[in-house]
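Next up, protein-v4.csv (CSV, C-alpha atoms):
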chain,number,residue,atom,x,y,z
O,194,MET,CA,0.0,0.0,0.0
O,195,ARG,CA,2.9,2.3,-0.3
O,196,ASN,CA,2.5,2.8,-4.0
O,197,PRO,CA,0.3,5.9,-4.3
O,198,LEU,CA,-0.9,4.7,-7.8
O,199,LEU,CA,-2.1,1.4,-6.5
O,200,TYR,CA,-3.7,3.1,-3.6
O,201,SER,CA,-5.7,5.5,-5.7
O,202,ILE,CA,-6.8,2.7,-8.0
O,203,LEU,CA,-8.1,0.8,-5.0
O,204,ILE,CA,-10.0,3.9,-3.7
O,205,PHE,CA,-11.4,4.4,-7.2
O,206,LEU,CA,-12.6,0.8,-7.4
O,207,CYS,CA,-14.2,1.0,-3.9
O,208,ALA,CA,-16.1,4.2,-4.9
O,209,ALA,CA,-17.1,2.6,-8.2
O,210,SER,CA,-18.5,-0.5,-6.5
O,211,VAL,CA,-20.5,1.6,-4.0
O,212,LEU,CA,-22.0,3.6,-6.8
O,213,GLU,CA,-22.7,0.5,-8.8
O,214,ALA,CA,-24.5,-1.0,-5.8
O,215,CYS,CA,-26.6,2.1,-5.6
O,216,GLN,CA,-27.4,1.9,-9.2
O,217,SER,CA,-28.6,-1.7,-9.0
O,218,ASP,CA,-30.7,-0.8,-6.0
O,219,ASN,CA,-32.6,1.7,-8.1
O,220,GLU,CA,-32.8,-0.8,-10.9
O,221,LEU,CA,-34.1,-3.4,-8.5
O,222,ASN,CA,-36.7,-1.0,-7.2
O,223,TYR,CA,-37.7,-0.2,-10.8
O,224,ALA,CA,-38.0,-3.9,-11.6
O,225,ARG,CA,-40.2,-4.4,-8.6
O,226,TYR,CA,-42.6,-1.6,-9.6
O,227,TYR,CA,-42.6,-2.8,-13.2
O,228,THR,CA,-43.3,-6.4,-12.5
O,229,SER,CA,-46.1,-5.7,-10.1
O,230,GLY,CA,-47.4,-3.1,-12.5
O,231,LYS,CA,-47.6,-5.7,-15.3
O,232,GLN,CA,-49.7,-8.0,-13.1
O,233,LEU,CA,-52.0,-5.2,-12.2
O,234,TYR,CA,-52.3,-4.2,-15.8
O,235,ASP,CA,-53.3,-7.7,-16.9
O,236,LEU,CA,-55.9,-7.7,-14.2
O,237,HIS,CA,-57.4,-4.2,-14.5
O,238,CYS,CA,-56.5,-2.7,-17.9
O,239,GLN,CA,-55.8,-5.3,-20.5
O,240,ASN,CA,-59.4,-6.1,-21.3
O,241,CYS,CA,-59.9,-2.7,-22.7
O,242,HIS,CA,-56.5,-1.4,-23.6
O,243,ASN,CA,-55.2,-4.7,-25.0
O,244,ALA,CA,-52.1,-6.7,-24.0
O,245,ASP,CA,-50.0,-4.6,-26.3
O,246,GLY,CA,-51.5,-1.3,-25.3
O,247,THR,CA,-53.2,-0.7,-28.7
O,248,GLY,CA,-56.7,-0.1,-27.3
O,249,LEU,CA,-59.6,-0.8,-29.5
O,250,ASN,CA,-60.0,1.2,-32.8
O,251,ALA,CA,-61.7,4.5,-32.0
O,252,LEU,CA,-63.5,3.1,-29.0
O,253,ILE,CA,-60.7,2.8,-26.5
O,254,PRO,CA,-57.5,4.9,-26.6
O,255,PRO,CA,-54.1,3.2,-27.0
O,256,LEU,CA,-51.3,3.7,-24.5
O,257,THR,CA,-48.8,4.0,-27.3
O,258,ASP,CA,-49.0,7.8,-27.6
O,259,THR,CA,-45.7,8.6,-25.9
O,260,ALA,CA,-46.3,12.4,-26.2
O,261,PHE,CA,-49.7,12.1,-24.5
O,262,LEU,CA,-48.3,10.0,-21.6
O,263,LYS,CA,-45.4,12.3,-21.2
O,264,ASN,CA,-47.5,15.5,-21.1
O,265,ASN,CA,-50.0,14.0,-18.8
O,266,ARG,CA,-47.6,12.1,-16.5
O,267,ASN,CA,-48.8,13.8,-13.3
O,268,LYS,CA,-52.5,13.1,-14.3
O,269,LEU,CA,-52.1,9.4,-14.9
O,270,SER,CA,-52.5,8.4,-11.2
O,271,CYS,CA,-55.7,10.4,-11.0
O,272,ILE,CA,-57.1,8.8,-14.2
O,273,ILE,CA,-56.4,5.3,-12.8
O,274,ARG,CA,-57.9,6.1,-9.4
O,275,HIS,CA,-60.9,8.2,-10.5
O,276,GLY,CA,-61.6,7.1,-14.0
O,277,LEU,CA,-62.2,9.4,-16.9
O,278,SER,CA,-65.4,10.7,-18.6
O,279,ASP,CA,-63.8,13.7,-20.5
O,280,THR,CA,-63.2,13.6,-24.2
O,281,ILE,CA,-59.5,13.2,-24.8
O,282,SER,CA,-57.4,13.3,-28.0
O,283,VAL,CA,-54.8,10.5,-28.4
O,284,ASN,CA,-52.8,10.0,-31.5
O,285,GLY,CA,-55.0,12.5,-33.2
O,286,ILE,CA,-58.3,10.6,-32.5
O,287,LEU,CA,-61.0,11.8,-30.1
O,288,TYR,CA,-62.1,9.3,-27.5
O,289,SER,CA,-65.2,10.0,-25.5
O,290,GLY,CA,-65.9,6.7,-23.8
O,291,VAL,CA,-66.0,6.4,-20.0
O,292,MET,CA,-63.1,4.8,-18.2
O,293,PRO,CA,-64.2,3.1,-14.9
O,294,ALA,CA,-62.6,4.3,-11.6
O,295,ASN,CA,-60.5,2.1,-9.3
O,296,HIS,CA,-61.2,3.8,-6.0
O,297,GLU,CA,-60.0,0.8,-4.0
O,298,MET,CA,-56.5,0.8,-5.6
O,299,ALA,CA,-53.7,1.5,-3.2
O,300,GLU,CA,-51.1,4.2,-3.9
O,301,ILE,CA,-48.3,1.7,-4.3
O,302,ASP,CA,-50.4,-0.2,-6.9
O,303,VAL,CA,-51.2,3.0,-8.8
O,304,ALA,CA,-47.5,3.8,-8.8
O,305,ALA,CA,-46.6,0.4,-10.1
O,306,LEU,CA,-49.2,0.6,-12.8
O,307,VAL,CA,-48.0,4.0,-14.0
O,308,THR,CA,-44.4,2.7,-13.9
O,309,TYR,CA,-45.4,-0.2,-16.1
O,310,ILE,CA,-47.5,1.8,-18.6
O,311,THR,CA,-45.0,4.6,-19.0
O,312,ASN,CA,-42.2,2.1,-19.7
O,313,SER,CA,-44.1,-0.2,-22.0
O,314,PHE,CA,-45.7,0.1,-25.5
O,315,GLY,CA,-42.9,2.4,-26.7
O,316,ASN,CA,-42.8,4.6,-23.6
O,317,LYS,CA,-39.7,5.1,-21.6
O,318,GLN,CA,-40.1,7.4,-18.6
O,319,GLY,CA,-38.4,5.5,-15.8
O,320,LEU,CA,-39.5,4.8,-12.3
O,321,TYR,CA,-42.7,6.5,-11.0
O,322,ASP,CA,-42.6,5.8,-7.2
O,323,VAL,CA,-45.2,5.7,-4.5
O,324,SER,CA,-44.3,9.2,-3.1
O,325,ARG,CA,-44.8,10.7,-6.5
O,326,ALA,CA,-48.1,8.9,-6.8
O,327,GLY,CA,-49.1,10.2,-3.4
O,328,THR,CA,-48.4,13.8,-4.4
O,329,ASP,CA,-50.2,13.5,-7.7
O,330,LEU,CA,-53.2,11.9,-6.1
O,331,LYS,CA,-53.5,14.8,-3.7
O,332,ASN,CA,-53.8,17.1,-6.6
O,333,CYS,CA,-56.5,15.3,-8.5
O,334,ALA,CA,-59.1,17.7,-9.9
O,335,GLU,CA,-62.4,16.5,-8.6
K,407,MET,CA,-70.2,-59.3,-65.4
K,408,LYS,CA,-71.4,-59.6,-61.8
K,409,ILE,CA,-67.8,-59.2,-60.5
K,410,THR,CA,-67.4,-56.0,-62.5
K,411,TYR,CA,-70.6,-54.6,-60.9
K,412,LEU,CA,-69.3,-55.5,-57.5
K,413,LEU,CA,-66.0,-53.9,-58.1
K,414,VAL,CA,-67.6,-50.7,-59.3
K,415,ALA,CA,-69.9,-50.7,-56.3
K,416,GLY,CA,-67.1,-51.3,-53.9
K,417,PHE,CA,-65.0,-48.6,-55.4
K,418,ALA,CA,-67.9,-46.2,-55.2
K,419,ILE,CA,-68.3,-47.0,-51.5
K,420,LEU,CA,-64.6,-46.5,-50.8
K,421,THR,CA,-64.4,-43.1,-52.6
K,422,SER,CA,-67.6,-41.9,-50.9
K,423,CYS,CA,-66.0,-42.7,-47.6
K,424,THR,CA,-62.9,-40.8,-48.3
K,425,GLN,CA,-64.8,-37.8,-49.7
K,426,GLN,CA,-67.1,-37.4,-46.8
K,427,LYS,CA,-67.0,-33.8,-45.7
K,428,LYS,CA,-66.2,-32.7,-42.3
K,429,LYS,CA,-69.4,-31.5,-40.6
K,430,LEU,CA,-70.0,-29.5,-37.4
K,431,PRO,CA,-72.3,-31.0,-34.8
K,432,ILE,CA,-75.8,-29.7,-34.3
K,433,LEU,CA,-76.3,-28.3,-30.9
K,434,GLY,CA,-79.3,-27.6,-28.7
K,435,GLU,CA,-82.4,-29.7,-27.9
K,436,ARG,CA,-83.8,-32.1,-30.3
K,437,GLU,CA,-86.9,-34.2,-30.5
K,438,PRO,CA,-88.1,-37.0,-32.7
K,439,VAL,CA,-91.1,-36.4,-34.8
K,440,GLU,CA,-93.1,-39.0,-36.7
K,441,LYS,CA,-94.0,-38.0,-40.2
K,442,THR,CA,-95.9,-39.9,-42.9
K,443,VAL,CA,-94.0,-39.8,-46.2
K,444,ASP,CA,-95.5,-41.7,-49.2
K,445,GLY,CA,-97.8,-43.6,-46.9
K,446,LYS,CA,-95.0,-44.8,-44.7
K,447,LYS,CA,-94.3,-43.6,-41.2
K,448,ILE,CA,-90.8,-42.4,-40.6
K,449,THR,CA,-89.1,-40.8,-37.6
K,450,ASP,CA,-87.3,-37.5,-38.2
K,451,THR,CA,-85.3,-35.3,-35.8
K,452,LEU,CA,-86.5,-31.8,-35.1
K,453,TYR,CA,-83.6,-29.6,-34.1
K,454,GLN,CA,-83.8,-26.5,-31.9
K,455,THR,CA,-83.8,-23.3,-34.0
K,456,ILE,CA,-83.6,-19.6,-33.4
K,457,PRO,CA,-87.3,-18.4,-33.6
K,458,ALA,CA,-88.6,-15.4,-35.5
K,459,PHE,CA,-87.5,-12.0,-34.2
K,460,SER,CA,-87.8,-8.3,-35.0
K,461,PHE,CA,-85.5,-5.7,-33.7
K,462,ILE,CA,-84.1,-2.2,-34.5
K,463,ASN,CA,-80.5,-1.9,-35.7
K,464,GLN,CA,-77.9,0.8,-35.7
K,465,ASP,CA,-79.5,2.6,-38.7
K,466,SER,CA,-82.9,2.6,-36.9
K,467,ALA,CA,-84.1,0.1,-39.5
K,468,VAL,CA,-86.2,-3.0,-38.6
K,469,VAL,CA,-84.2,-6.2,-38.8
K,470,THR,CA,-85.8,-9.6,-38.6
K,471,ASP,CA,-84.8,-13.2,-38.8
K,472,LYS,CA,-85.6,-13.0,-42.6
K,473,ASP,CA,-82.5,-10.8,-43.0
K,474,PHE,CA,-80.5,-13.8,-41.9
K,475,ASP,CA,-82.1,-16.3,-44.4
K,476,GLY,CA,-79.6,-18.1,-46.5
K,477,LYS,CA,-76.7,-16.8,-44.3
K,478,ILE,CA,-74.6,-18.2,-41.5
K,479,TYR,CA,-74.1,-15.8,-38.6
K,480,VAL,CA,-72.3,-15.3,-35.3
K,481,ALA,CA,-74.4,-13.9,-32.5
K,482,ASP,CA,-73.4,-12.4,-29.2
K,483,PHE,CA,-74.7,-10.2,-26.3
K,484,PHE,CA,-73.1,-7.0,-25.2
K,485,PHE,CA,-73.7,-3.4,-24.2
K,486,THR,CA,-71.8,-0.3,-25.4
K,487,THR,CA,-70.7,0.9,-22.0
K,488,CYS,CA,-69.5,-2.5,-20.9
K,489,PRO,CA,-66.2,-2.1,-19.1
K,490,SER,CA,-65.4,-5.8,-18.5
K,491,ILE,CA,-65.5,-8.5,-21.2
K,492,CYS,CA,-67.1,-6.7,-24.2
K,493,PRO,CA,-64.0,-4.9,-25.4
K,494,VAL,CA,-62.1,-8.2,-25.6
K,495,MET,CA,-65.0,-9.9,-27.3
K,496,HIS,CA,-65.4,-7.3,-29.9
K,497,ARG,CA,-61.7,-6.9,-30.5
K,498,ASN,CA,-61.8,-10.6,-31.3
K,499,LEU,CA,-65.0,-10.5,-33.3
K,500,PHE,CA,-63.8,-7.5,-35.2
K,501,SER,CA,-60.9,-9.5,-36.5
K,502,VAL,CA,-63.3,-12.3,-37.6
K,503,TYR,CA,-65.5,-9.7,-39.3
K,504,GLU,CA,-62.5,-8.4,-41.2
K,505,LYS,CA,-61.8,-12.0,-42.4
K,506,PHE,CA,-65.3,-12.4,-43.8
K,507,LYS,CA,-65.9,-8.8,-44.9
K,508,ASP,CA,-68.3,-8.4,-47.8
K,509,GLN,CA,-68.9,-12.1,-47.9
K,510,PRO,CA,-72.7,-12.1,-48.7
K,511,ASP,CA,-73.6,-15.3,-46.8
K,512,VAL,CA,-71.9,-14.4,-43.6
K,513,LYS,CA,-73.4,-12.0,-41.0
K,514,PHE,CA,-72.7,-10.9,-37.5
K,515,LEU,CA,-75.3,-10.0,-34.9
K,516,SER,CA,-74.7,-8.3,-31.6
K,517,HIS,CA,-77.7,-7.9,-29.3
K,518,THR,CA,-77.4,-5.1,-26.7
K,519,ILE,CA,-78.7,-6.1,-23.3
K,520,ASP,CA,-78.8,-2.4,-22.2
K,521,PHE,CA,-82.3,-1.7,-23.5
K,522,LYS,CA,-82.4,1.7,-21.9
K,523,TYR,CA,-79.2,3.4,-22.8
K,524,ASP,CA,-78.2,1.7,-26.1
K,525,THR,CA,-80.4,3.6,-28.6
K,526,PRO,CA,-79.8,3.2,-32.3
K,527,ALA,CA,-77.8,6.4,-32.3
K,528,LYS,CA,-75.6,5.0,-29.6
K,529,LEU,CA,-75.2,1.7,-31.4
K,530,ARG,CA,-74.3,3.6,-34.7
K,531,GLU,CA,-71.7,5.6,-32.8
K,532,TYR,CA,-70.3,2.4,-31.3
K,533,ALA,CA,-70.2,0.6,-34.7
K,534,ASN,CA,-68.5,3.6,-36.3
K,535,LYS,CA,-65.9,3.7,-33.7
K,536,LEU,CA,-65.3,0.0,-33.8
K,537,GLY,CA,-64.8,0.4,-37.6
K,538,VAL,CA,-67.9,-1.5,-38.8
K,539,LYS,CA,-69.5,-0.2,-42.0
K,540,GLY,CA,-72.8,-1.1,-43.5
K,541,THR,CA,-75.0,-3.8,-42.0
K,542,GLN,CA,-73.1,-7.0,-42.4
K,543,TRP,CA,-72.6,-6.7,-38.6
K,544,GLU,CA,-76.0,-5.8,-37.1
K,545,PHE,CA,-76.2,-4.2,-33.7
K,546,LEU,CA,-79.7,-4.8,-32.5
K,547,ARG,CA,-81.9,-3.3,-29.8
K,548,GLY,CA,-85.1,-4.8,-28.5
K,549,SER,CA,-87.3,-4.9,-25.4
K,550,LYS,CA,-85.7,-6.5,-22.3
K,551,ASP,CA,-88.2,-9.4,-22.4
K,552,SER,CA,-87.6,-10.3,-26.1
K,553,VAL,CA,-83.8,-10.0,-25.9
K,554,TYR,CA,-83.3,-11.8,-22.6
K,555,THR,CA,-85.6,-14.6,-23.6
K,556,LEU,CA,-83.8,-15.0,-26.8
K,557,ALA,CA,-80.5,-15.1,-25.0
K,558,GLU,CA,-81.4,-17.5,-22.3
K,559,ARG,CA,-83.9,-19.8,-23.9
K,560,HIS,CA,-82.6,-20.0,-27.5
K,561,TYR,CA,-78.9,-19.0,-27.7
K,562,LYS,CA,-78.3,-20.4,-24.2
K,563,VAL,CA,-76.4,-17.4,-23.1
K,564,ALA,CA,-76.9,-16.1,-19.5
K,565,VAL,CA,-77.7,-12.4,-19.3
K,566,GLN,CA,-79.1,-10.3,-16.5
K,567,GLU,CA,-79.4,-6.8,-15.0
K,568,ASP,CA,-77.1,-6.8,-12.0
K,569,LYS,CA,-76.4,-3.5,-10.2
K,570,LEU,CA,-73.2,-5.0,-8.6
K,571,ALA,CA,-71.7,-6.1,-11.9
K,572,PRO,CA,-69.3,-3.6,-13.7
K,573,GLY,CA,-71.5,-1.5,-15.9
K,574,GLY,CA,-74.8,-2.7,-14.4
K,575,PHE,CA,-75.2,-5.9,-16.4
K,576,ALA,CA,-73.8,-9.4,-16.1
K,577,HIS,CA,-73.5,-11.6,-19.1
K,578,GLN,CA,-71.5,-14.4,-20.7
K,579,GLY,CA,-69.2,-13.9,-23.5
K,580,TRP,CA,-70.2,-16.6,-25.9
K,581,PHE,CA,-70.1,-16.3,-29.6
K,582,ILE,CA,-72.9,-18.6,-31.0
K,583,LEU,CA,-72.5,-19.9,-34.6
K,584,ILE,CA,-75.9,-20.3,-36.4
K,585,ASP,CA,-76.3,-22.1,-39.7
K,586,LYS,CA,-78.6,-21.3,-42.6
K,587,GLU,CA,-81.4,-23.4,-41.1
K,588,LYS,CA,-81.1,-21.3,-37.9
K,589,ARG,CA,-79.6,-24.2,-35.9
K,590,MET,CA,-76.8,-23.8,-33.4
K,591,ARG,CA,-73.6,-25.2,-34.7
K,592,GLY,CA,-71.0,-23.9,-32.3
K,593,ALA,CA,-70.4,-21.9,-29.1
K,594,TYR,CA,-67.1,-20.3,-28.4
K,595,ASP,CA,-65.7,-18.2,-25.5
K,596,GLY,CA,-65.4,-14.8,-27.2
K,597,THR,CA,-62.7,-13.7,-24.8
K,598,ASN,CA,-60.4,-16.6,-25.7
K,599,LYS,CA,-58.2,-16.1,-28.8
K,600,GLU,CA,-57.8,-19.9,-29.4
K,601,GLN,CA,-61.5,-20.5,-29.3
K,602,VAL,CA,-62.1,-17.6,-31.6
K,603,GLU,CA,-59.6,-19.0,-34.1
K,604,GLN,CA,-61.5,-22.4,-33.8
K,605,MET,CA,-64.7,-20.5,-34.7
K,606,VAL,CA,-63.1,-19.1,-37.8
K,607,ALA,CA,-62.1,-22.6,-38.9
K,608,ASP,CA,-65.6,-23.9,-38.1
K,609,MET,CA,-67.2,-21.1,-40.1
K,610,HIS,CA,-65.2,-22.3,-43.1
K,611,THR,CA,-66.3,-25.8,-42.4
K,612,LEU,CA,-69.9,-24.7,-42.1
K,613,LEU,CA,-69.8,-22.7,-45.4
K,614,ASN,CA,-68.3,-25.8,-47.0
K,615,GLU,CA,-71.3,-27.9,-46.0
K,616,TYR,CA,-73.4,-25.8,-48.3
K,617,LYS,CA,-71.1,-26.3,-51.3
K,618,ASP,CA,-71.6,-29.3,-53.6
Please, can you express the file's structure as structure tokens?
Amino acid sequence: MRNPLLYSILIFLCAASVLEACQSDNELNYARYYTSGKQLYDLHCQNCHNADGTGLNALIPPLTDTAFLKNNRNKLSCIIRHGLSDTISVNGILYSGVMPANHEMAEIDVAALVTYITNSFGNKQGLYDVSRAGTDLKNCAE
Amino acid sequence: MKITYLLVAGFAILTSCTQQKKKLPILGEREPVEKTVDGKKITDTLYQTIPAFSFINQDSAVVTDKDFDGKIYVADFFFTTCPSICPVMHRNLFSVYEKFKDQPDVKFLSHTIDFKYDTPAKLREYANKLGVKGTQWEFLRGSKDSVYTLAERHYKVAVQEDKLAPGGFAHQGWFILIDKEKRMRGAYDGTNKEQVEQMVADMHTLLNEYKD
């Protein structure tokens, strides 16, 4: 350990491995949200929005409009929890059907669903965690 | 000479066996009926058939069983605001509809069980948004009694008003295949992709039964 070069390399490696561990912790967290989100999606959303998120023609909107999901990121939790009866424009098509509410769904599940949806079907927005969901759900327009 | 006749007869029997067409079973109740033909008593089978009906379609036109004469068709029960199984059923049925599009002897019939909300205008809007043009696929509205009786007694599909069910109605997702004689020839789970593919195959088999 008297060689300063060796010493600094060792320090660097230590720091790198700590950072690496942090990184994979985040990744693990993301994977947890995503996996549980997929299960919830199959249970609650797939019937209407289809397994590949393509919706149903002009009746049910697709989840493949990445711009829509990005611009409405902080509204997605509210839509899942409270449903939707407004007319919305997705991929240039107007959708006016009613989306049912999921009042019983826990915040953690809403967060998992948003994580899954915003990272599938061509979307790539990263982790949407439970504290974010909590904040967004408090701000739902009633 | 006699041997030649035998050979010909034998050959005819053999070829008739191999050429026998695949046929779909006939479903539903059946009862034997005795008839007198040419002075002889014979026993025939009477199959269950879909009775006469008269409903209003998505164009506010009257549609009756006569509009299905000489056609095979697929029938199901749904309602336009159904949040549970209907989207899956009609996603699947739409793909079948596209396969048989403009084929004059194939029709589709969706009975709404929401007799209050699903007016012809609502049905038209639904059909448009689903991507259905014309009337090869009829969306029909009738009184609660007539539609529910037809469903349960004749198509053998359970339907009911149920305030606890999502959307207010509970129903089964069967696709029922009806032949040109209005007999039931198949029932398929409309939410199951494999069964819907089976139905497409069976529709071809059924159409073949009418070809010489």
Checklist line | Counting all atoms listed in the file, chain K residues within 10 Å of chain O, as a list in words | finding: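 Applying the cut-off to the listed atoms yields Thr486, Thr487, Cys488, Pro489, Ser490, Ile491, Cys492, Pro493, Val494, Met495, His496, Arg497, Phe500, Glu531, Tyr532, Ala533, Asn534, Lys535, Leu536, Gly537, Pro572, Gly573 and Thr597 of chain K.
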Item checked: Nearest residue to K:Glu504 from the set K:Tyr594, K:Tyr523, K:Phe575, K:Trp543 (distances using only C-alpha atoms) ->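 The closest residue to K:Glu504 is K:Trp543.
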Next item on the list: Could you please determine the separation between atom CA of O:His275 and atom CA of O:Arg225 in Å, to one decimal place?
Entry: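 According to the coordinates, atom CA of O:His275 and atom CA of O:Arg225 are separated by 24.3 Å.
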Check: Leaving out stretch 451-461 of chain K and any residue of its chain fewer than 3 positions from it, which residues lie within 12 Å of it when counting only C-alpha atoms, given as a VMD selection string?
Finding: chain K and resid 431 to 441 448 464 to 475 479 481 515 to 518 521 525 to 526 544 to 550 552 to 553 555 to 562 582 to 591
Note to self: Neighbouring residues of O:Asp302 were defined as those with any atom within 9 Å, considering all atoms listed in the file; residues of the same chain fewer than 4 positions away were excluded. Please report them as a ChimeraX atom specification.
What the structure shows: /O:226,229-230,233,298,306-307,323
Produce a file of the selected residues containing C-alpha atoms, as an mmCIF file, in the frame of the given file.
data_model
loop_
_atom_site.group_PDB
_atom_site.id
_atom_site.type_symbol
_atom_site.label_atom_id
_atom_site.label_comp_id
_atom_site.auth_asym_id
_atom_site.auth_seq_id
_atom_site.Cartn_x
_atom_site.Cartn_y
_atom_site.Cartn_z
ATOM 1 C CA TYR O 226 -42.600 -1.600 -9.600
ATOM 2 C CA SER O 229 -46.100 -5.700 -10.100
ATOM 3 C CA GLY O 230 -47.400 -3.100 -12.500
ATOM 4 C CA LEU O 233 -52.000 -5.200 -12.200
ATOM 5 C CA MET O 298 -56.500 0.800 -5.600
ATOM 6 C CA LEU O 306 -49.200 0.600 -12.800
ATOM 7 C CA VAL O 307 -48.000 4.000 -14.000
ATOM 8 C CA VAL O 323 -45.200 5.700 -4.500
#
List every protein, DNA or RNA residue with an atom no more than 12 Å from (-79.5, -10.8, -14.1) in the file's coordinates, counting all atoms listed in the file, and format the result as a JSON list (two decimals) with C-alpha atoms, keeping the file's coordinate frame.
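Generated file (part-v3.json):
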[["chain", "number", "residue", "atom", "x", "y", "z"],
["K", 519, "ILE", "CA", -78.70, -6.10, -23.30],
["K", 520, "ASP", "CA", -78.80, -2.40, -22.20],
["K", 550, "LYS", "CA", -85.70, -6.50, -22.30],
["K", 554, "TYR", "CA", -83.30, -11.80, -22.60],
["K", 555, "THR", "CA", -85.60, -14.60, -23.60],
["K", 557, "ALA", "CA", -80.50, -15.10, -25.00],
["K", 558, "GLU", "CA", -81.40, -17.50, -22.30],
["K", 563, "VAL", "CA", -76.40, -17.40, -23.10],
["K", 564, "ALA", "CA", -76.90, -16.10, -19.50],
["K", 565, "VAL", "CA", -77.70, -12.40, -19.30],
["K", 566, "GLN", "CA", -79.10, -10.30, -16.50],
["K", 567, "GLU", "CA", -79.40, -6.80, -15.00],
["K", 568, "ASP", "CA", -77.10, -6.80, -12.00],
["K", 569, "LYS", "CA", -76.40, -3.50, -10.20],
["K", 570, "LEU", "CA", -73.20, -5.00, -8.60],
["K", 571, "ALA", "CA", -71.70, -6.10, -11.90],
["K", 574, "GLY", "CA", -74.80, -2.70, -14.40],
["K", 575, "PHE", "CA", -75.20, -5.90, -16.40],
["K", 576, "ALA", "CA", -73.80, -9.40, -16.10],
["K", 577, "HIS", "CA", -73.50, -11.60, -19.10],
["K", 578, "GLN", "CA", -71.50, -14.40, -20.70]]
Item checked: Proximity to O:Asn295 - best of O:Gln232, O:Ser270, O:Ser324, O:Ser217, all atoms listed in the file -> O:Ser270
Check: So how far away is atom CA of K:Lys599 from atom CA of O:Phe314, in Å?
Finding: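 So the two atoms, atom CA of O:Phe314 and atom CA of K:Lys599, lie 20.7 Å apart.
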Check: Which one of O:Glu300, O:Ala224, O:Ala305, O:Cys207 sits closest to O:Cys271 if you count all atoms listed in the file?
Finding: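 Among the listed residues, O:Glu300 lies closest to O:Cys271.
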Rebuild stretch 575-588 of chain K so that it carries N, CA and C atoms, then output the result as a compact mmCIF listing (two decimals), keeping the file's coordinate frame.
# COMPACT_ATOMS: atom_id res chain seq x y z
N PHE K 575 -74.67 -4.69 -15.82
CA PHE K 575 -75.20 -5.90 -16.40
C PHE K 575 -74.19 -7.02 -16.32
N ALA K 576 -74.69 -8.23 -16.13
CA ALA K 576 -73.80 -9.40 -16.10
C ALA K 576 -74.19 -10.26 -17.30
N HIS K 577 -73.21 -10.76 -18.00
CA HIS K 577 -73.50 -11.60 -19.10
C HIS K 577 -72.34 -12.50 -19.49
N GLN K 578 -72.62 -13.56 -20.24
CA GLN K 578 -71.50 -14.40 -20.70
C GLN K 578 -71.04 -14.02 -22.03
N GLY K 579 -69.80 -14.33 -22.29
CA GLY K 579 -69.20 -13.90 -23.50
C GLY K 579 -69.14 -14.85 -24.66
N TRP K 580 -70.20 -15.62 -24.81
CA TRP K 580 -70.20 -16.60 -25.90
C TRP K 580 -70.45 -16.01 -27.24
N PHE K 581 -69.76 -16.57 -28.25
CA PHE K 581 -70.10 -16.30 -29.60
C PHE K 581 -70.87 -17.60 -30.09
N ILE K 582 -72.08 -17.42 -30.60
CA ILE K 582 -72.90 -18.60 -31.00
C ILE K 582 -72.90 -18.59 -32.57
N LEU K 583 -72.52 -19.72 -33.14
CA LEU K 583 -72.50 -19.90 -34.60
C LEU K 583 -73.83 -20.52 -35.05
N ILE K 584 -74.55 -19.82 -35.93
CA ILE K 584 -75.90 -20.30 -36.40
C ILE K 584 -75.78 -20.60 -37.90
N ASP K 585 -76.39 -21.70 -38.30
CA ASP K 585 -76.30 -22.10 -39.70
C ASP K 585 -77.50 -21.50 -40.50
N LYS K 586 -77.57 -21.85 -41.79
CA LYS K 586 -78.60 -21.30 -42.60
C LYS K 586 -80.00 -21.77 -42.27
N GLU K 587 -80.06 -22.87 -41.54
CA GLU K 587 -81.40 -23.40 -41.10
C GLU K 587 -81.68 -22.88 -39.68
N LYS K 588 -80.91 -21.89 -39.20
CA LYS K 588 -81.10 -21.30 -37.90
C LYS K 588 -80.80 -22.22 -36.72
